[in-house]
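K.L.:
Attaching a single structure in structure tokens format; questions to follow.
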Amino acid sequence: MVDPPEVEKVTVPAEYKTVRVKKLVQAPKEEWITIPAVYQTVDKREKVTDGMMVWRPILCETNAVADLISRVQTALAAAGHNPGAIDGVLGRSTMAAVNAYQRQKGLASGQLTIETIRFLGLNPK
């Protein structure tokens, strides 16, 4: 008979691997916090009165002579409104300056009124 092979006891090391798990450390809880209000000033326009149509005396083409228009342009420039060239012509830039002046002073706007000419310190005649 044959003798059995000799058996030796060998230690096999353990195998490890890293496993990532989520572990509850603290139970969920409810907290009340105060978030301060943020304020901002906002301007808004409100209609106070209805607009209306009113008859106003205006400078007609017959009376819109170059001398008077030049004086209006000079007065507008002195009041801080750019009428363009002081040329005695009631053109687009002069009318833009007239309308800006009228809005600033709270006058009726859209045409060169006698009231506007008087506000500028001029005599319409």
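Convention: chains lettered A, B, ... in structure tokens order; per-chain residue numbering from 1; ligands numbered from 1 as shown.
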Using only C-alpha atoms, find each residue of region 17-80 of chain A with at least one atom at most 7 Å away from an atom of region 114-117 of chain A; report its shortest atom-to-atom pair and that distance in Å (one decimal), sort the rows by chain and rising residue number, and return the result as JSON lines.

P.N.:
{"residue": "A:Pro57", "atom": "CA", "partner": "A:Ile114", "partner_atom": "CA", "distance": 5.9}
{"residue": "A:Ile58", "atom": "CA", "partner": "A:Ile114", "partner_atom": "CA", "distance": 5.3}
{"residue": "A:Leu59", "atom": "CA", "partner": "A:Ile114", "partner_atom": "CA", "distance": 6.2}

K.L.:
Neighbours of region 89-103 of chain A within 9 Å (only C-alpha atoms; same-chain residues fewer than 2 positions away dropped), as a VMD selection string?

P.N.:
chain A and resid 64 to 66 69 to 70 72 to 73 76 to 77 79 to 87 105 to 112 116

K.L.:
Among chain A, which ones does DSSP assign to alpha helix (DSSP H) (computed from the backbone)? Answer as JSON, numbers by chain.

P.N.:
{"A": [66, 67, 68, 69, 70, 71, 72, 73, 74, 75, 76, 77, 78, 92, 93, 94, 95, 96, 97, 98, 99, 100, 101, 102, 103, 104, 105, 114, 115, 116, 117, 118, 119]}
